[in-house]
Amino acid sequence: MNQLIQTLKEQLIEALNLEDITPEDIETSAPLFGDGLGLDSIDALEIILILEREYGIKIDNLENAKEVFYSVQTLADFIDKNRK
Amino acid sequence: MKPIYINKISSFDYTVGEYTGIPCAKIADPDYKSIISNANMRRRMSRVIKMGVSSALICLGNQADIALDGIITATGWGCLEDTEKFLNDMIKYDEGSLNPTTFIQSTFNTIGAQIALLLSAKAYNMTYVHRSLSLESALTDAMLLLNEGKQNVLVGAFDELTSSSFTTLRRLGIYRNCLAGEGVNFFLLGTDKTDTTLAQIKGLTTLPTGTNSDSVSESVIRFLSVYGLHPSDLSLIALGKNGKLASDRIYDEVISILALKDASVLLFKQTCGEYPTAMAFGLVKTVEQLSSNSEVGSYALLLNIDEAFGSSLILIQH
């Protein structure tokens, strides 16, 4: 799980072009949207593409999106349970 | 017609770049972080968007809170880097889900929109994509707006050179004997003369395609006569000579036919290279040279010849 979290942070930094931010700067349990990293809806779409391309998780209807996309930790948990 | 003043300009320095060992004129990138402070907006911007937004902000300077009546941009190529990435991803991911950011930022009006977002400017916002006459179209629109009673209009022109565009255009022979280039320039136009006013745009016109030296010379003389001028009244003539033999011969013959008297000649594409909105850089250099070296009231003419897509003339007065 720790390796997955580290990789996910690196993928977020690259895909979202987060300037001057290293994986160590991202708190694993901190919110990604609003507070924390301050991501927005376009970033959410970019994260969906990471899930699809890197982990084979295709999202058609995510009812609990708010919980899954809350933090790096919740995203990693979701990937761990659903990746192919 | 109301007088149209160029109250502010912005331009970047050039550096010699190269693609596959062939030199080209590239913008010397400034420190964008110090110009675009909003990190969340900046991180999504490709190079040309940063160039365009930075140029607009520098142009406005300490007048960033000015009430703009319009933001009008001009480009021949648009935001190529994002367009190339988006199209490459289409192939790479077999037309599956594609990144939203590159799609959103690949559109031609992205820079005008980003400037409006940063300035919270809700006024008229338009982008002209008319190949080598894009700047002229944007300036015409701005002049019409100002004549309708608007007071301040921001006009900008941008085109970026990328590795792919260089390779493709070079294969098509666009850069045979001429320097490939790119550029971004902005102008704050207004109907009121201010402390920062640099020059006045007296007029501009476009010429049909397929020109020759006789028709261009006749057009220049006719255009100047509208303002009661003769070629000998010009202090400066800026030419879009780019090294291409056919069009350079027309420029040389036109200069000979016009029999200019003591006019300085400015060859702006020697610095910025060839790109669709290079006239914007020519306009910046003309205004700078006219306002620093010539008497108040002196005239300069810009001439750009593009046999394929249309030529243009812009008359400036200090």
# chains A, B, ... in the order shown; residues from 1 in each chain; ligands from 1
>>> residues_around(residues="stretch 27-31 of chain B", least_positions_apart="2", cutoff="12 Å", atoms="only C-alpha atoms", output="ChimeraX atom specification")
/B:11-18,24-25,33-37,42,47-55,58,158-162,180-185,271-273,281
>>> interface_residues(of="chain B", to="chain A", cutoff="9 Å", atoms="only C-alpha atoms", output="list in words")
Ala39, Asn40, Arg42, Arg43, Arg44, Tyr93, Ser97, Leu98, Asn99, Pro100 and Thr101 of chain B
>>> closest_residue(among="A:Pro23, A:Glu14, A:Leu51, A:Asp35", to="A:Ala76", atoms="only C-alpha atoms")
A:Leu51
>>> residues_around(residues="B:Lys2", least_positions_apart="6", cutoff="9 Å", atoms="only C-alpha atoms", output="short mmCIF file (atom, residue, chain, number, x, y, z; two decimals) with N, CA, C and O atoms, in the first residue's frame")
data_model
loop_
_atom_site.label_atom_id
_atom_site.label_comp_id
_atom_site.auth_asym_id
_atom_site.auth_seq_id
_atom_site.Cartn_x
_atom_site.Cartn_y
_atom_site.Cartn_z
N MET B 143 -10.44 48.97 -33.82
CA MET B 143 -10.67 50.34 -34.29
C MET B 143 -12.16 50.62 -34.46
O MET B 143 -12.63 51.72 -34.16
N LEU B 146 -13.59 51.07 -30.93
CA LEU B 146 -13.22 52.38 -30.38
C LEU B 146 -14.01 53.50 -31.05
O LEU B 146 -14.36 54.50 -30.42
N ASN B 147 -14.30 53.32 -32.32
CA ASN B 147 -15.10 54.33 -33.02
C ASN B 147 -16.56 54.31 -32.62
O ASN B 147 -17.29 55.25 -32.85
N THR B 191 -8.86 55.75 -27.37
CA THR B 191 -9.17 56.96 -28.13
C THR B 191 -8.63 58.21 -27.45
O THR B 191 -8.65 59.28 -28.03
#
>>> closest_residue(among="A:Ile13, A:Thr7, A:Gly36, A:Ala30", to="A:Ser71", atoms="only C-alpha atoms")
A:Ala30
>>> atom_distance(atom1="atom CA of B:Leu224", atom2="atom CA of B:Leu266")
18.5 Å
>>> residues_around(residues="A:Leu4", least_positions_apart="5", cutoff="9 Å", atoms="only C-alpha atoms", output="list in words")
Lys9, Ala76, Ile79 and Asp80 of chain A
>>> residues_around(residues="stretch 167-171 of chain B", least_positions_apart="4", cutoff="9 Å", atoms="only C-alpha atoms", output="ChimeraX atom specification")
/B:19-20,162-163,175-176,180
>>> decode(residues="stretch 14-30 of chain A", atoms="all heavy atoms", output="short mmCIF file (atom, residue, chain, number, x, y, z; two decimals), in the first residue's frame")
data_model
loop_
_atom_site.label_atom_id
_atom_site.label_comp_id
_atom_site.auth_asym_id
_atom_site.auth_seq_id
_atom_site.Cartn_x
_atom_site.Cartn_y
_atom_site.Cartn_z
N GLU A 14 2.53 14.68 -11.75
CA GLU A 14 2.82 14.76 -13.18
C GLU A 14 1.58 15.12 -14.00
O GLU A 14 1.60 16.02 -14.83
CB GLU A 14 3.42 13.45 -13.67
CG GLU A 14 3.96 13.59 -15.09
CD GLU A 14 4.42 12.27 -15.69
OE1 GLU A 14 4.63 11.32 -14.93
OE2 GLU A 14 4.56 12.22 -16.92
N ALA A 15 0.48 14.42 -13.73
CA ALA A 15 -0.74 14.62 -14.54
C ALA A 15 -1.34 16.00 -14.31
O ALA A 15 -1.87 16.61 -15.24
CB ALA A 15 -1.76 13.55 -14.21
N LEU A 16 -1.26 16.49 -13.09
CA LEU A 16 -1.88 17.79 -12.77
C LEU A 16 -0.87 18.93 -12.85
O LEU A 16 -1.21 20.08 -12.58
CB LEU A 16 -2.53 17.74 -11.38
CG LEU A 16 -3.50 16.57 -11.15
CD1 LEU A 16 -4.11 16.65 -9.75
CD2 LEU A 16 -4.60 16.57 -12.19
N ASN A 17 0.38 18.58 -13.20
CA ASN A 17 1.44 19.58 -13.34
C ASN A 17 1.55 20.46 -12.09
O ASN A 17 1.55 21.69 -12.18
CB ASN A 17 1.21 20.44 -14.59
CG ASN A 17 2.45 21.18 -15.02
OD1 ASN A 17 3.56 20.80 -14.66
ND2 ASN A 17 2.28 22.24 -15.78
N LEU A 18 1.60 19.82 -10.94
CA LEU A 18 1.66 20.56 -9.67
C LEU A 18 3.09 21.09 -9.48
O LEU A 18 4.02 20.33 -9.18
CB LEU A 18 1.28 19.64 -8.50
CG LEU A 18 -0.15 19.05 -8.59
CD1 LEU A 18 -0.36 18.02 -7.49
CD2 LEU A 18 -1.19 20.16 -8.50
N GLU A 19 3.23 22.39 -9.69
CA GLU A 19 4.56 23.00 -9.66
C GLU A 19 5.12 23.04 -8.24
O GLU A 19 4.41 23.34 -7.28
CB GLU A 19 4.47 24.45 -10.17
CG GLU A 19 4.19 24.55 -11.64
CD GLU A 19 4.10 26.00 -12.08
OE1 GLU A 19 3.97 26.89 -11.22
OE2 GLU A 19 4.16 26.24 -13.29
N ASP A 20 6.39 22.79 -8.13
CA ASP A 20 7.12 22.92 -6.86
C ASP A 20 6.55 22.05 -5.74
O ASP A 20 6.66 22.40 -4.56
CB ASP A 20 7.15 24.39 -6.40
CG ASP A 20 7.79 25.29 -7.45
OD1 ASP A 20 8.67 24.80 -8.17
OD2 ASP A 20 7.39 26.46 -7.53
N ILE A 21 5.88 20.97 -6.10
CA ILE A 21 5.33 20.07 -5.08
C ILE A 21 5.97 18.69 -5.26
O ILE A 21 6.06 18.18 -6.38
CB ILE A 21 3.79 19.97 -5.18
CG1 ILE A 21 3.18 21.31 -4.74
CG2 ILE A 21 3.23 18.83 -4.33
CD1 ILE A 21 1.68 21.35 -4.76
N THR A 22 6.45 18.13 -4.16
CA THR A 22 7.03 16.78 -4.19
C THR A 22 6.05 15.83 -3.52
O THR A 22 5.13 16.27 -2.79
CB THR A 22 8.37 16.75 -3.41
OG1 THR A 22 8.08 17.03 -2.04
CG2 THR A 22 9.35 17.79 -3.95
N PRO A 23 6.21 14.52 -3.72
CA PRO A 23 5.30 13.55 -3.06
C PRO A 23 5.27 13.77 -1.54
O PRO A 23 4.22 13.58 -0.91
CB PRO A 23 5.91 12.20 -3.42
CG PRO A 23 6.59 12.44 -4.73
CD PRO A 23 7.14 13.83 -4.65
N GLU A 24 6.39 14.16 -0.96
CA GLU A 24 6.44 14.37 0.50
C GLU A 24 5.57 15.55 0.93
O GLU A 24 5.13 15.62 2.09
CB GLU A 24 7.89 14.62 0.94
CG GLU A 24 8.81 13.41 0.81
CD GLU A 24 9.13 13.04 -0.64
OE1 GLU A 24 9.30 13.97 -1.47
OE2 GLU A 24 9.19 11.84 -0.94
N ASP A 25 5.34 16.49 0.01
CA ASP A 25 4.51 17.66 0.36
C ASP A 25 3.02 17.32 0.43
O ASP A 25 2.23 18.09 0.97
CB ASP A 25 4.69 18.77 -0.68
CG ASP A 25 6.11 19.31 -0.70
OD1 ASP A 25 6.75 19.28 0.36
OD2 ASP A 25 6.58 19.74 -1.77
N ILE A 26 2.64 16.19 -0.17
CA ILE A 26 1.20 15.83 -0.20
C ILE A 26 0.89 14.94 1.00
O ILE A 26 1.39 13.82 1.12
CB ILE A 26 0.84 15.10 -1.52
CG1 ILE A 26 1.19 15.97 -2.72
CG2 ILE A 26 -0.64 14.73 -1.53
CD1 ILE A 26 1.00 15.28 -4.07
N GLU A 27 0.04 15.46 1.85
CA GLU A 27 -0.37 14.67 3.02
C GLU A 27 -1.33 13.57 2.56
O GLU A 27 -2.33 13.87 1.88
CB GLU A 27 -1.07 15.56 4.04
CG GLU A 27 -0.10 16.30 4.95
CD GLU A 27 -0.88 17.05 6.03
OE1 GLU A 27 -1.69 16.41 6.73
OE2 GLU A 27 -0.69 18.26 6.12
N THR A 28 -1.03 12.36 2.93
CA THR A 28 -1.79 11.20 2.42
C THR A 28 -3.28 11.28 2.78
O THR A 28 -4.13 10.92 1.97
CB THR A 28 -1.18 9.90 2.98
OG1 THR A 28 0.21 9.90 2.66
CG2 THR A 28 -1.83 8.66 2.38
N SER A 29 -3.59 11.77 3.96
CA SER A 29 -5.00 11.79 4.37
C SER A 29 -5.65 13.17 4.24
O SER A 29 -6.81 13.35 4.61
CB SER A 29 -5.11 11.30 5.81
OG SER A 29 -4.28 12.10 6.63
N ALA A 30 -4.92 14.14 3.69
CA ALA A 30 -5.47 15.50 3.55
C ALA A 30 -6.41 15.57 2.35
O ALA A 30 -6.25 14.83 1.38
CB ALA A 30 -4.33 16.50 3.37
#
